[in-house]
Each structure stands twice: as C-alpha cells, then as structure tokens.
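Enquirer: File work-v6.cif follows (mmCIF, C-alpha atoms and all ligand atoms):
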data_entry
loop_
_atom_site.label_atom_id
_atom_site.label_comp_id
_atom_site.auth_asym_id
_atom_site.auth_seq_id
_atom_site.Cartn_x
_atom_site.Cartn_y
_atom_site.Cartn_z
CA MET E 20 0.65 8.61 -17.31
CA THR E 21 -2.05 7.89 -14.81
CA THR E 22 -5.38 9.56 -15.46
CA PRO E 23 -6.72 12.04 -12.90
CA HIS E 24 -9.26 10.74 -10.41
CA HIS E 25 -12.96 11.23 -11.08
CA TYR E 26 -14.19 10.57 -7.55
CA CYS E 27 -13.23 11.45 -4.03
CA LEU E 28 -11.61 8.19 -2.91
CA ARG E 29 -13.59 8.12 0.35
CA CYS E 30 -17.13 8.91 -0.74
CA GLU E 31 -19.06 8.91 -3.95
CA VAL E 32 -18.69 12.57 -4.78
CA ARG E 33 -17.59 13.10 -8.32
CA VAL E 34 -14.93 15.75 -8.86
CA ASN E 35 -13.80 17.59 -11.95
CA TRP E 36 -10.23 18.83 -11.89
CA LEU E 37 -10.68 20.84 -15.05
CA THR E 38 -13.62 22.92 -13.87
CA GLY E 39 -12.91 22.61 -10.15
CA THR E 40 -16.38 21.22 -9.54
CA ASN E 41 -16.67 19.75 -6.03
CA ILE E 42 -13.08 20.65 -5.22
CA ASP E 43 -12.44 22.87 -2.19
CA SER E 44 -8.94 24.25 -2.18
CA ARG E 45 -7.50 25.38 1.14
CA VAL E 46 -4.12 26.85 1.80
CA GLU E 47 -2.43 25.28 4.80
CA ALA E 48 0.83 25.99 6.52
CA SER E 49 3.02 22.94 6.18
CA GLY E 50 3.35 21.24 9.53
CA PRO E 51 6.49 19.83 11.10
CA GLU E 52 5.79 16.58 9.22
CA GLY E 53 5.86 18.35 5.87
CA ALA E 54 9.24 16.85 5.15
CA SER E 55 9.31 18.02 1.56
CA ALA E 56 8.39 21.63 2.14
CA ALA E 57 10.75 24.01 3.80
CA ARG E 58 9.68 25.41 7.16
CA GLY E 59 7.26 28.29 6.87
CA THR E 60 5.97 27.54 3.40
CA SER E 61 2.35 26.83 2.69
CA ILE E 62 0.75 24.19 0.57
CA VAL E 63 -2.58 23.98 -1.18
CA ARG E 64 -4.72 21.01 -0.27
CA ALA E 65 -7.89 19.94 -2.02
CA PHE E 66 -10.97 18.54 -0.27
CA CYS E 67 -14.28 17.12 -1.41
CA PRO E 68 -17.50 18.83 -0.17
CA ASN E 69 -17.68 16.20 2.61
CA GLY E 70 -14.32 17.30 3.94
CA HIS E 71 -12.28 14.33 2.73
CA PRO E 72 -8.79 15.20 1.58
CA LEU E 73 -8.50 14.49 -2.14
CA ALA E 74 -5.54 12.54 -3.38
CA PRO E 75 -3.36 14.51 -5.78
CA ARG E 76 -4.67 14.01 -9.27
CA ASN E 77 -1.63 12.02 -10.29
CA ALA E 78 -1.46 9.81 -7.19
CA ILE E 79 -0.81 6.15 -7.87
CA THR E 80 -3.47 4.00 -6.26
CA MET E 81 -3.40 0.33 -5.41
CA GLY E 82 -6.07 -1.79 -3.70
CA VAL E 83 -5.60 -5.22 -2.14
CA PHE E 84 -8.47 -7.72 -2.09
CA GLY E 85 -8.85 -11.35 -1.17
CA LEU E 86 -10.17 -13.99 1.18
CA PRO E 87 -9.91 -13.56 4.96
CA ARG E 88 -6.42 -14.39 6.30
CA SER E 89 -5.03 -14.66 2.79
CA GLY E 90 -2.01 -12.49 3.58
CA LYS E 91 -3.08 -8.98 2.53
CA ASP E 92 -1.79 -7.12 5.58
CA SER E 93 1.38 -9.17 5.54
CA MET E 94 1.96 -8.31 1.91
CA ILE E 95 1.40 -4.60 2.41
CA ASP E 96 3.68 -4.61 5.41
CA SER E 97 6.40 -6.26 3.34
CA ILE E 98 6.03 -3.46 0.80
CA ARG E 99 6.39 -1.00 3.64
CA GLN E 100 9.49 -2.74 4.97
CA SER E 101 11.04 -2.97 1.51
CA PHE E 102 10.61 0.76 1.02
CA ALA E 103 12.06 1.37 4.48
CA VAL E 104 15.30 -0.33 3.39
CA ASP E 105 15.22 1.44 0.03
CA GLN E 106 14.78 -1.73 -1.96
CA LEU E 107 13.97 0.06 -5.21
CA ARG E 108 16.61 2.77 -4.87
CA ARG E 109 18.79 1.15 -7.51
CA HIS E 110 15.86 1.65 -9.88
CA GLY E 111 15.58 5.29 -8.89
CA VAL E 112 12.46 4.91 -6.74
CA GLY E 113 12.15 5.71 -3.04
CA ALA E 114 9.09 6.02 -0.83
CA GLU E 115 8.47 7.15 2.69
CA ILE E 116 5.58 7.21 5.09
CA ASP E 117 5.04 9.61 7.95
CA ARG E 118 5.47 8.61 11.55
CA ALA E 119 1.86 9.00 12.70
CA GLN E 120 0.56 6.84 9.87
CA LEU E 121 3.20 4.24 10.46
CA ASP E 122 2.30 3.96 14.13
CA ALA E 123 -1.40 3.65 13.30
CA TRP E 124 -0.66 0.98 10.69
CA LYS E 125 1.46 -1.07 13.08
CA GLU E 126 -1.39 -1.02 15.60
CA THR E 127 -3.62 -2.87 13.14
CA LEU E 128 -1.11 -5.55 12.14
CA GLY E 129 -1.77 -9.13 13.20
CA LYS E 130 -5.50 -8.49 13.57
CA ALA E 131 -8.30 -9.05 11.11
CA THR E 132 -8.65 -5.84 9.11
CA ARG E 133 -11.49 -3.60 10.18
CA ARG E 134 -14.52 -3.62 7.92
CA ALA E 135 -15.39 -0.31 6.38
CA SER E 136 -18.74 1.43 6.66
CA GLU E 137 -20.14 4.44 4.86
CA ILE E 138 -19.31 6.51 7.92
CA GLU E 139 -15.83 5.11 8.26
CA PRO E 140 -14.66 4.16 4.77
CA TYR E 141 -11.37 2.45 4.01
CA SER E 142 -8.50 4.86 4.10
CA ALA E 143 -5.21 4.37 2.35
CA LEU E 144 -1.70 3.90 3.61
CA THR E 145 0.00 6.83 1.94
CA PHE E 146 3.61 6.98 0.82
CA ARG E 147 5.46 9.89 -0.68
CA MET E 148 7.39 8.54 -3.62
CA GLU E 149 10.53 10.20 -4.82
CA LEU E 150 11.64 9.53 -8.34
CA ASP E 151 15.22 10.38 -9.21
CA SER E 152 14.17 11.18 -12.73
CA ALA E 153 11.42 13.65 -11.81
CA ARG E 154 11.69 16.77 -9.71
CA ARG E 155 8.33 16.32 -8.11
CA SER E 156 7.34 13.55 -5.79
CA ARG E 157 4.20 11.50 -6.26
CA GLU E 158 1.83 9.99 -3.79
CA LEU E 159 1.28 6.28 -3.58
CA LEU E 160 -1.96 5.18 -1.91
CA ILE E 161 -2.44 1.59 -0.84
CA PHE E 162 -5.97 0.57 0.13
CA ASN E 163 -6.19 -2.48 2.35
CA THR E 164 -9.55 -4.22 2.68
CA ALA E 165 -11.15 -6.75 5.01
CA GLY E 166 -11.41 -10.27 3.63
CA ASP E 167 -14.68 -11.02 5.38
CA GLN E 168 -16.27 -7.95 3.83
CA TRP E 169 -14.96 -8.82 0.39
CA ILE E 170 -16.62 -12.23 0.36
CA GLU E 171 -19.95 -10.86 1.57
CA ALA E 172 -20.37 -7.71 -0.44
CA ASP E 173 -22.49 -8.17 -3.51
CA SER E 174 -22.13 -5.78 -6.35
CA SER E 175 -24.77 -3.41 -4.98
CA ASP E 176 -23.56 -2.87 -1.42
CA ILE E 177 -19.90 -2.97 -2.35
CA ARG E 178 -20.41 0.61 -3.59
CA GLY E 179 -20.53 2.52 -0.34
CA VAL E 180 -17.50 0.89 1.19
CA HIS E 181 -15.35 0.42 -1.88
CA SER E 182 -15.92 3.80 -3.50
CA PHE E 183 -12.25 4.04 -4.46
CA LEU E 184 -12.50 0.89 -6.55
CA PRO E 185 -13.02 2.38 -10.02
CA GLU E 186 -10.15 4.80 -9.37
CA LEU E 187 -7.50 2.18 -8.76
CA ASP E 188 -4.48 1.91 -10.98
CA VAL E 189 -3.58 -1.52 -9.61
CA LEU E 190 -5.89 -4.15 -8.20
CA VAL E 191 -4.10 -6.90 -6.33
CA ILE E 192 -6.07 -10.05 -5.65
CA THR E 193 -4.53 -12.56 -3.27
CA ILE E 194 -4.79 -16.29 -3.95
CA PRO E 195 -3.90 -18.27 -0.81
CA PRO E 196 -3.19 -22.03 -0.94
CA GLU E 197 -6.77 -22.73 0.21
CA ALA E 198 -8.13 -21.30 -3.02
CA LEU E 199 -6.24 -23.83 -5.14
CA SER E 200 -6.91 -27.55 -5.38
CA GLY E 201 -5.01 -30.79 -5.83
CA LEU E 202 -2.49 -29.93 -3.14
CA PRO E 203 -1.64 -32.08 -0.12
CA GLU E 204 -3.91 -31.49 2.83
CA ASN E 205 -1.13 -30.19 5.05
CA VAL E 206 -0.51 -27.39 2.55
CA GLN E 207 -3.99 -25.97 2.47
CA SER E 208 -6.40 -27.32 5.03
CA ARG E 209 -7.88 -24.91 7.52
CA GLY E 210 -10.68 -27.24 8.43
CA GLU E 211 -12.93 -25.14 6.26
CA ASP E 212 -15.26 -25.87 3.44
CA LEU E 213 -12.74 -25.38 0.64
CA GLU E 214 -15.29 -25.68 -2.14
CA ARG E 215 -17.20 -22.79 -0.65
CA LEU E 216 -14.05 -20.73 -0.19
CA ARG E 217 -13.19 -21.17 -3.87
CA ASP E 218 -16.64 -20.07 -4.95
CA LEU E 219 -16.39 -17.02 -2.69
CA MET E 220 -13.03 -16.23 -4.21
CA LEU E 221 -14.43 -16.33 -7.72
CA GLY E 222 -17.50 -14.35 -6.67
CA GLY E 223 -15.25 -11.72 -5.11
CA ILE E 224 -13.38 -11.18 -8.35
CA GLN E 225 -16.67 -10.99 -10.22
CA ASN E 226 -18.01 -8.36 -7.81
CA LEU E 227 -14.96 -6.20 -8.39
CA ARG E 228 -15.59 -6.39 -12.09
CA GLU E 229 -19.29 -5.58 -11.83
CA HIS E 230 -18.72 -2.56 -9.64
CA ILE E 231 -16.01 -1.15 -11.86
CA LYS E 232 -18.16 -1.68 -14.91
CA ALA E 233 -21.18 -0.01 -13.30
CA SER E 234 -19.11 3.05 -12.36
CA ARG E 235 -18.44 3.83 -16.02
CA VAL E 236 -15.09 5.29 -15.03
CA ARG E 237 -12.59 4.85 -17.82
CA ARG E 238 -9.12 4.27 -16.53
CA LYS E 239 -6.02 2.29 -17.40
CA ARG E 240 -5.99 -0.48 -14.82
CA MET E 241 -3.71 -3.34 -13.96
CA VAL E 242 -4.79 -6.52 -12.22
CA VAL E 243 -2.20 -8.57 -10.38
CA LEU E 244 -3.03 -12.01 -9.03
CA ALA E 245 -0.74 -12.66 -6.11
CA LEU E 246 -0.21 -16.23 -4.98
CA THR E 247 0.43 -15.79 -1.28
CA LYS E 248 2.13 -18.00 1.34
CA CYS E 249 4.11 -19.72 -1.41
CA ASP E 250 6.63 -20.95 1.17
CA ARG E 251 4.04 -23.68 1.78
CA TYR E 252 4.76 -24.94 -1.75
CA ALA E 253 8.43 -25.53 -1.01
CA ASN E 254 8.02 -29.32 -1.25
CA ILE E 255 5.55 -29.34 -4.13
CA SER E 256 7.40 -30.45 -7.23
CA SER E 257 5.19 -28.54 -9.69
CA PHE E 258 6.06 -25.26 -7.97
CA PRO E 259 9.13 -23.53 -9.45
CA VAL E 260 11.46 -23.36 -6.49
CA GLN E 261 13.37 -20.31 -7.73
CA LEU E 262 10.24 -18.25 -7.02
CA LEU E 263 11.06 -18.65 -3.33
CA THR E 264 14.41 -16.92 -3.48
CA PRO E 265 15.47 -13.40 -4.42
CA ARG E 266 15.84 -12.73 -8.13
CA PRO E 267 19.20 -12.18 -9.68
CA GLN E 268 19.68 -8.43 -9.84
CA ARG E 269 20.55 -8.39 -13.50
CA SER E 270 18.13 -8.97 -16.36
CA LEU E 271 15.08 -8.18 -14.24
CA LEU E 272 12.78 -7.70 -17.22
CA GLY E 273 13.59 -11.08 -18.75
CA VAL E 274 13.14 -12.87 -15.44
CA LEU E 275 9.77 -11.23 -14.81
CA GLY E 276 8.59 -12.35 -18.23
CA SER E 277 9.44 -16.00 -17.77
CA GLU E 278 7.99 -16.08 -14.27
CA GLN E 279 4.60 -15.00 -15.59
CA SER E 280 4.15 -18.18 -17.59
CA GLN E 281 5.51 -20.40 -14.80
CA ILE E 282 3.05 -18.99 -12.28
CA ALA E 283 0.15 -19.16 -14.74
CA ARG E 284 0.88 -22.83 -15.33
CA PHE E 285 0.96 -23.59 -11.60
CA ILE E 286 -2.34 -21.79 -11.02
CA ALA E 287 -4.01 -23.51 -13.96
CA GLU E 288 -2.74 -26.95 -12.91
CA HIS E 289 -4.25 -26.45 -9.48
CA GLY E 290 -7.79 -25.56 -10.34
CA GLY E 291 -7.29 -21.80 -10.64
CA LYS E 292 -8.00 -21.37 -14.33
CA ARG E 293 -11.35 -19.77 -13.61
CA TYR E 294 -9.68 -17.11 -11.43
CA LEU E 295 -7.40 -16.25 -14.33
CA SER E 296 -10.28 -15.92 -16.78
CA MET E 297 -12.45 -13.92 -14.40
CA ALA E 298 -9.64 -11.53 -13.46
CA ALA E 299 -8.82 -11.01 -17.11
CA THR E 300 -12.29 -9.52 -17.61
CA ILE E 301 -11.20 -6.59 -15.40
CA ALA E 302 -8.00 -5.80 -17.25
CA LYS E 303 -5.69 -7.47 -19.72
CA PRO E 304 -2.98 -8.61 -19.71
CA LEU E 305 -3.03 -10.13 -16.26
CA TYR E 306 0.08 -9.95 -14.15
CA LEU E 307 1.09 -12.65 -11.70
CA THR E 308 3.37 -12.88 -8.72
CA ALA E 309 4.35 -15.50 -6.14
CA ILE E 310 4.79 -14.11 -2.66
CA SER E 311 6.37 -15.95 0.24
CA GLY E 312 7.89 -15.28 3.61
CA THR E 313 5.68 -12.31 4.46
CA GLY E 314 4.37 -14.05 7.57
CA ALA E 315 4.38 -17.35 9.38
CA ASP E 316 1.56 -19.78 9.73
CA ASP E 317 0.39 -19.87 13.26
CA ARG E 318 -3.12 -21.14 13.74
CA ASP E 319 -3.96 -21.64 10.08
CA LEU E 320 -2.81 -25.19 9.64
CA PRO E 321 -4.00 -28.28 11.49
CA SER E 322 -1.84 -28.84 14.55
CA GLY E 323 1.18 -30.96 13.88
CA ALA E 324 1.26 -30.04 10.21
CA THR E 325 4.36 -28.25 9.17
CA ALA E 326 3.01 -27.76 5.68
CA GLY E 327 5.36 -28.39 2.77
CA ALA E 328 6.51 -25.65 4.97
CA ALA E 329 8.95 -22.99 5.17
CA SER E 330 12.12 -24.77 4.35
CA GLY E 331 13.42 -21.26 4.18
CA PRO E 332 11.97 -17.87 4.83
CA GLY E 333 10.88 -17.28 1.24
CA ASP E 334 11.28 -14.02 -0.63
CA ARG E 335 9.07 -11.34 0.81
CA THR E 336 10.57 -8.63 -1.38
CA ARG E 337 8.34 -9.97 -4.15
CA ALA E 338 5.48 -8.22 -2.39
CA LEU E 339 6.73 -5.21 -4.33
CA ASP E 340 5.95 -6.90 -7.66
CA PRO E 341 2.53 -5.32 -8.26
CA LEU E 342 4.11 -1.90 -7.87
CA LEU E 343 7.12 -2.88 -9.89
CA TYR E 344 4.90 -3.92 -12.81
CA THR E 345 3.05 -0.59 -12.62
CA PHE E 346 6.23 1.46 -12.39
CA ILE E 347 7.76 -0.40 -15.34
CA ARG E 348 4.62 0.06 -17.42
CA ASP E 349 4.34 3.75 -16.61
CA GLY E 350 8.04 4.50 -16.94
CA LEU E 351 8.62 5.36 -13.27
CA GLY E 352 12.24 4.48 -12.51
CA ASN E 353 14.88 2.67 -14.57
CA TYR E 354 14.76 -1.03 -15.16
CA VAL E 355 17.15 -1.74 -18.02
N1 LIG O 1 3.27 -19.42 5.61
C1 LIG O 1 3.00 -18.14 5.43
N2 LIG O 1 2.06 -17.53 6.19
C2 LIG O 1 1.81 -16.22 5.96
C3 LIG O 1 2.49 -15.48 4.94
N3 LIG O 1 2.00 -14.22 4.93
C4 LIG O 1 1.07 -14.16 5.91
N4 LIG O 1 0.95 -15.35 6.55
C5 LIG O 1 0.06 -15.63 7.69
O1 LIG O 1 -1.29 -15.57 7.27
C6 LIG O 1 -2.15 -15.10 8.31
C7 LIG O 1 -3.06 -14.00 7.84
O2 LIG O 1 -2.31 -12.87 7.42
P1 LIG O 1 -2.91 -11.40 7.20
O3 LIG O 1 -1.88 -10.68 6.41
O4 LIG O 1 -3.36 -10.78 8.45
O5 LIG O 1 -4.19 -11.72 6.30
P2 LIG O 1 -5.30 -10.70 5.70
O6 LIG O 1 -5.50 -11.14 4.29
O7 LIG O 1 -4.92 -9.30 5.93
O8 LIG O 1 -6.61 -11.08 6.55
P3 LIG O 1 -7.98 -10.22 6.79
O9 LIG O 1 -7.60 -8.88 7.31
O10 LIG O 1 -8.73 -11.03 7.79
O11 LIG O 1 -8.72 -10.16 5.50
C8 LIG O 1 -1.20 -14.69 9.43
O12 LIG O 1 -1.14 -15.72 10.39
C9 LIG O 1 0.14 -14.54 8.74
O13 LIG O 1 1.23 -14.71 9.59
C10 LIG O 1 3.49 -16.16 4.17
O14 LIG O 1 4.15 -15.60 3.26
N5 LIG O 1 3.69 -17.48 4.45
MG MG O 2 -6.06 -7.76 6.70
ZN ZN O 3 -15.37 12.62 -0.10
#
Could I get this structure in the form of structure tokens?

Expert:
Amino acid sequence: MTTPHHYCLRCEVRVNWLTGTNIDSRVEASGPEGASAARGTSIVRAFCPNGHPLAPRNAITMGVFGLPRSGKDSMIDSIRQSFAVDQLRRHGVGAEIDRAQLDAWKETLGKATRRASEIEPYSALTFRMELDSARRSRELLIFNTAGDQWIEADSSDIRGVHSFLPELDVLVITIPPEALSGLPENVQSRGEDLERLRDLMLGGIQNLREHIKASRVRRKRMVVLALTKCDRYANISSFPVQLLTPRPQRSLLGVLGSEQSQIARFIAEHGGKRYLSMAATIAKPLYLTAISGTGADDRDLPSGATAGAASGPGDRTRALDPLLYTFIRDGLGNYV
C-alpha cells in the first residue's frame, strides 16, 4: 500500500487526510471527460487552500530527474505510448490519459522541458489506471522535470519548485552515456566538459537526497536508475546485448532479477559506482533499467559519428520498468 500524501504536490501546504486540515472538498458535476463516471453523477474533489487540486490519497507518484537532454521526455512518452497500446494488459494493468492533457503534453515534446517556478510549479502527467483485480481505479502521476534546473538547484532552492519530491513513490534518475566513462568518444561526446557533467550528475542525486531528508516525510520510496540511450552501446562488448531487445514474455520475474546485476556491473565498470552508492542513500534496494530506442540522436553526437549506434531500434517498452517494479512490489497486477 502506498501511504497517503502529506503535502499538496504543487505547493508546500501540509494536508492531513485524517482531520481534513487544509483540505477543501468541493462537489463537482462530472464533465464530459469524466469517462469513469456515468453522465449526470457528481464527484468530490479535494483542493489545498491555494486552490491546487489534491491528488487522491492513494495516487501513485513518479518523478523523473536527470541531466539536460538525457532522455526524460522521451522515456515518459514511451510509457505513454506503451499504455496506449495496452502493453501491461496481460498483467491486468491499463492506464489512460485524457485528450486535453495528451494534446498539451505532445506540444512540449522535442523541446527542452520548461523550468518550474513557485508561481508555475511542475505539474504531473496524470493517468487513470485500471486494475483488473480492484474495482476502483487509481491515479498515476508522472512528474517530469527540466534537466537544466536539476543541475543548478541546490538543496535550499530546490524546495519551492520540487515540492512534490518527498511525496514520490518512485524516483527515476536518468544516466545518459555522457555520465559514464571509458566509452569510445563517438558513443558519448557532446563536445562538453564531461568531468563537469559527471559531477553535476552526482550533485543532483545528492540534492534529491538532502531535500527528502529535510522534509522529514516518511514514505516507502523506490529509486530507479535508468541508463538511457542504450542503443548507443550496441557495439560495446561489455554491454549485454539482450537488454536491447524485448524480453521473453515468460518468466518475467527471473529475467528482471538477472538484469539487475548485469546493469549494475556495466555501470560500475564505466565509472558509475558513485552514482549507485549515492542513489542508494535515498532508498534501498536500488532498481536498475536499460532503456533504448525512445528517441534518435540528432544533434547530440559530433557530426559524422554514428555512435556504436542504433543497429536496431532498441526496446523502448523498457521505459515501463520503473512502474513495473513498483507495481510488482505493491501487488498491482499479476506477474507470475
Ligand atoms: N540514441 C538515442 N537517443 C535518444 C533516446 N531517447 C532520447 N534520445 C534523444 O535525446 C535527446 C533528448 O531527449 P529528451 O527526452 O528531450 O531529453 P530530456 O531529458 O527531457 O531533456 P531536458 O528537458 O532538456 O532536461 C533527443 O534528441 C532525443 O531524440 C534513445 O533511446 N536513444
Ligand atoms: Mg525534458
Ligand atoms: Zn497547493
């Protein structure tokens, strides 16, 4: 079970579901988009005193963090596309998003994600999850963040813009090829100061930890380190090539287990041990995933370089892994 949220996810107002403190309940007629409710019924919605809609107390929340252009939007969009084709239906999990939100989301794709401010905080892409096993649906909130804000924010000014942070059930941190070392130049060079990028990456993870710690919110959290753009590793012999293709449908649990150690070894062999240790101070055990094929390199690599590149399209359905791990842990859906 997820624990109820202690804060409004958009500002720093603390709410108490037991006593109703700071919770404004309003009865609203369900609109034409209220797919779940029959026409003419009304629903109760809760708001914080600043007028922000509160997520249902049992909403599942995920946040995605990482360096600029590390593949966060691309990953979230692959999750969206996987849900659209009912990828997890065989496990008893479906999710849908409403039209207006989808259109707004598509508008932002392919651009650097907008930085949040206290006036305009990050908002979440919201899905309505249906679980075959449960009568009631649950909300799934995915918070996307801007890479350039993540690397700047120190643990004090991260508060205003990342107020949802302590409330997250899953924190996904992207690790792009640039954050690793000992790889051929055509795999990772962006003509940037890679040493600096790697320090920013580590500092970013540390800031997440500090802010969560300072909030004193107790919550069961999961941290997933997501290696992104793994199609670039197609010609790297130390990278397990089966991570670039869809998993066999059977024995999912066993496969997930063995992949964890393979990915950990690859990260550690390429200078990423310190990311593993730092992330493990947020939550243990750490979960790992290797994501590929969620986008194509355009201007990232030096011209002429085809990067150990995209021998194939990769397996973008693995973008669902962070959710899959959470669902398996919390018993949402069937995986045996
Ligand atoms: N080779 C390869 N490139 C990818 C993959 N996923 C994304 N990209 C490319 O990486 C670039 C950045 O992707 P975004 O998803 O916008 O990155 P972001 O992390 O949201 O960036 P910010 O919003 O600036 O923080 C784009 O050019 C994508 O096409 C992938 O799986 N493989
Ligand atoms: Mg983005
Ligand atoms: Zn609020």

Enquirer: May I ask you to write as a list in words all residues lying at most 6 Å from ligand MG 2 (chain O), with all atoms listed in the file counted?

Expert: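 The residues near ligand MG 2 (chain O) are Lys91, Asp92, Ala131, Thr132 and Ala165 of chain E.
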
Enquirer: One number please: CA of Leu121 in chain E to CA of His24 in chain E, in Å, one decimal.

Expert: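 Taking CA of Leu121 in chain E and CA of His24 in chain E, their separation equals 25.2 Å.
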
Enquirer: Enumerate residues in contact with ligand ZN 3 (chain O): an atom-to-atom distance of at most 9 Å, counting all atoms listed in the file. Format the result as a short mmCIF file (atom, residue, chain, number, x, y, z; two decimals) with C-alpha atoms, in the frame of the given file.

Expert:
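As a result, selection-v7.cif now contains:
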data_model
loop_
_atom_site.label_atom_id
_atom_site.label_comp_id
_atom_site.auth_asym_id
_atom_site.auth_seq_id
_atom_site.Cartn_x
_atom_site.Cartn_y
_atom_site.Cartn_z
CA TYR E 26 -14.19 10.57 -7.55
CA CYS E 27 -13.23 11.45 -4.03
CA LEU E 28 -11.61 8.19 -2.91
CA ARG E 29 -13.59 8.12 0.35
CA CYS E 30 -17.13 8.91 -0.74
CA GLU E 31 -19.06 8.91 -3.95
CA VAL E 32 -18.69 12.57 -4.78
CA ARG E 33 -17.59 13.10 -8.32
CA PHE E 66 -10.97 18.54 -0.27
CA CYS E 67 -14.28 17.12 -1.41
CA PRO E 68 -17.50 18.83 -0.17
CA ASN E 69 -17.68 16.20 2.61
CA GLY E 70 -14.32 17.30 3.94
CA HIS E 71 -12.28 14.33 2.73
CA PRO E 72 -8.79 15.20 1.58
CA LEU E 73 -8.50 14.49 -2.14
#

Enquirer: Skip Phe346 in chain E itself and residues of its chain fewer than 5 positions away, then list as JSON, numbers by chain all residues within 10 Å of it, counting all atoms listed in the file.

Expert: {"E": [79, 110, 112, 340, 341, 351, 352, 353, 354]}

Enquirer: Tell me which protein, DNA and RNA residues are within 8 Å of range 232-244 of chain E, counting all atoms listed in the file, leaving out same-chain ones fewer than 5 positions away, and put them as a ChimeraX atom specification.

Expert: /E:21-22,25,185-194,298-299,301-308,341,345

Enquirer: To check your reading of the model: which residues sit at most 9 Å from ligand LIG 1 (chain O) when counting all atoms listed in the file? Write the answer as a PyMOL selection string.

Expert: chain E and resi 83-96+128-134+163-169+193+195+247-251+310-319+326+328-329+332-335

Enquirer: Here is a test: counting all atoms listed in the file, which residue of E:Ser142, E:Lys125, E:Gly223, E:Gly201 is nearest to Glu171 in chain E?

Expert: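 Closest to Glu171 in chain E, using all atoms listed in the file: E:Gly223.
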
Enquirer: Between E:Gly276, E:Ile138, E:Leu262, E:Leu342, which is the closest to Leu159 in chain E once you count only C-alpha atoms?

Expert: E:Leu342

Enquirer: Hey, can I get the axis-aligned box for range 218-230 of chain E? All listed atoms, 3 Å padding on each side, centre and edge lengths in Å to one decimal, as lines of an AutoDock Vina configuration file.

Expert:
center_x = -16.2
center_y = -11.3
center_z = -7.4
size_x = 12.3
size_y = 23.5
size_z = 15.4

Enquirer: Looking at E:Gln207, E:Gln279, E:Asn254, E:Thr80, which one is nearest to Phe183 in chain E, with distances taken over all atoms listed in the file?

Expert: E:Thr80

Enquirer: Mind pulling up the distance from CA of Ala253 in chain E to CA of Ser270 in chain E?

Expert: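 CA of Ala253 in chain E lies 24.6 Å from CA of Ser270 in chain E.
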
Enquirer: Which distance in Å separates CA of Trp36 in chain E and CA of Arg76 in chain E, to one decimal?

Expert: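 Those two atoms sit 7.8 Å apart.
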
Enquirer: Could you tell me which of E:Thr336, E:Gln261, E:Thr38, E:Gln225 comes closest to Tyr294 in chain E if we count only C-alpha atoms?

Expert: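 Nearest candidate to Tyr294 in chain E out of E:Thr336, E:Gln261, E:Thr38, E:Gln225: E:Gln225.
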
Enquirer: Find the residue from E:Val180, E:Ile161, E:Met220, E:Ile116 that sits nearest to Pro140 in chain E; use all atoms listed in the file when measuring.

Expert: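 Looking at the shortest contact to Pro140 in chain E, the residue is E:Val180.
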
Enquirer: With distances taken over only C-alpha atoms, which residue among E:Leu202, E:Leu221, E:Ala338, E:Ala245 lies nearest Pro265 in chain E?

Expert: E:Ala338

Enquirer: Because the input lacks atoms here, generate N, CA and C atoms for range 124-136 of chain E and report them as a PDB file, in the coordinates of the input.

Expert:
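Final output, saved to part21.pdb:
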ATOM      1  N   TRP E 124      -0.695   2.215  11.494  1.00  0.00           N
ATOM      2  CA  TRP E 124      -0.660   0.980  10.690  1.00  0.00           C
ATOM      3  C   TRP E 124      -0.176  -0.193  11.529  1.00  0.00           C
ATOM      4  N   LYS E 125       0.894   0.021  12.270  1.00  0.00           N
ATOM      5  CA  LYS E 125       1.460  -1.070  13.080  1.00  0.00           C
ATOM      6  C   LYS E 125       0.469  -1.564  14.135  1.00  0.00           C
ATOM      7  N   GLU E 126      -0.344  -0.651  14.641  1.00  0.00           N
ATOM      8  CA  GLU E 126      -1.390  -1.020  15.600  1.00  0.00           C
ATOM      9  C   GLU E 126      -2.341  -2.078  15.039  1.00  0.00           C
ATOM     10  N   THR E 127      -2.599  -2.001  13.734  1.00  0.00           N
ATOM     11  CA  THR E 127      -3.620  -2.870  13.140  1.00  0.00           C
ATOM     12  C   THR E 127      -3.043  -4.224  12.714  1.00  0.00           C
ATOM     13  N   LEU E 128      -1.734  -4.325  12.644  1.00  0.00           N
ATOM     14  CA  LEU E 128      -1.110  -5.550  12.140  1.00  0.00           C
ATOM     15  C   LEU E 128      -1.385  -6.749  13.050  1.00  0.00           C
ATOM     16  N   GLY E 129      -1.565  -7.914  12.417  1.00  0.00           N
ATOM     17  CA  GLY E 129      -1.770  -9.130  13.200  1.00  0.00           C
ATOM     18  C   GLY E 129      -3.222  -9.319  13.615  1.00  0.00           C
ATOM     19  N   LYS E 130      -4.074  -8.346  13.260  1.00  0.00           N
ATOM     20  CA  LYS E 130      -5.500  -8.490  13.570  1.00  0.00           C
ATOM     21  C   LYS E 130      -6.267  -8.543  12.253  1.00  0.00           C
ATOM     22  N   ALA E 131      -7.467  -9.085  12.313  1.00  0.00           N
ATOM     23  CA  ALA E 131      -8.300  -9.050  11.110  1.00  0.00           C
ATOM     24  C   ALA E 131      -8.557  -7.578  10.782  1.00  0.00           C
ATOM     25  N   THR E 132      -8.467  -7.235   9.512  1.00  0.00           N
ATOM     26  CA  THR E 132      -8.650  -5.840   9.110  1.00  0.00           C
ATOM     27  C   THR E 132     -10.079  -5.386   9.359  1.00  0.00           C
ATOM     28  N   ARG E 133     -10.189  -4.177   9.871  1.00  0.00           N
ATOM     29  CA  ARG E 133     -11.490  -3.600  10.180  1.00  0.00           C
ATOM     30  C   ARG E 133     -12.336  -3.446   8.926  1.00  0.00           C
ATOM     31  N   ARG E 134     -13.601  -3.824   9.042  1.00  0.00           N
ATOM     32  CA  ARG E 134     -14.520  -3.620   7.920  1.00  0.00           C
ATOM     33  C   ARG E 134     -14.838  -2.141   7.785  1.00  0.00           C
ATOM     34  N   ALA E 135     -15.044  -1.711   6.590  1.00  0.00           N
ATOM     35  CA  ALA E 135     -15.390  -0.310   6.380  1.00  0.00           C
ATOM     36  C   ALA E 135     -16.901  -0.133   6.452  1.00  0.00           C
ATOM     37  N   SER E 136     -17.326   1.095   6.725  1.00  0.00           N
ATOM     38  CA  SER E 136     -18.740   1.430   6.660  1.00  0.00           C
ATOM     39  C   SER E 136     -18.831   2.742   5.894  1.00  0.00           C
TER      40      SER E 136
END
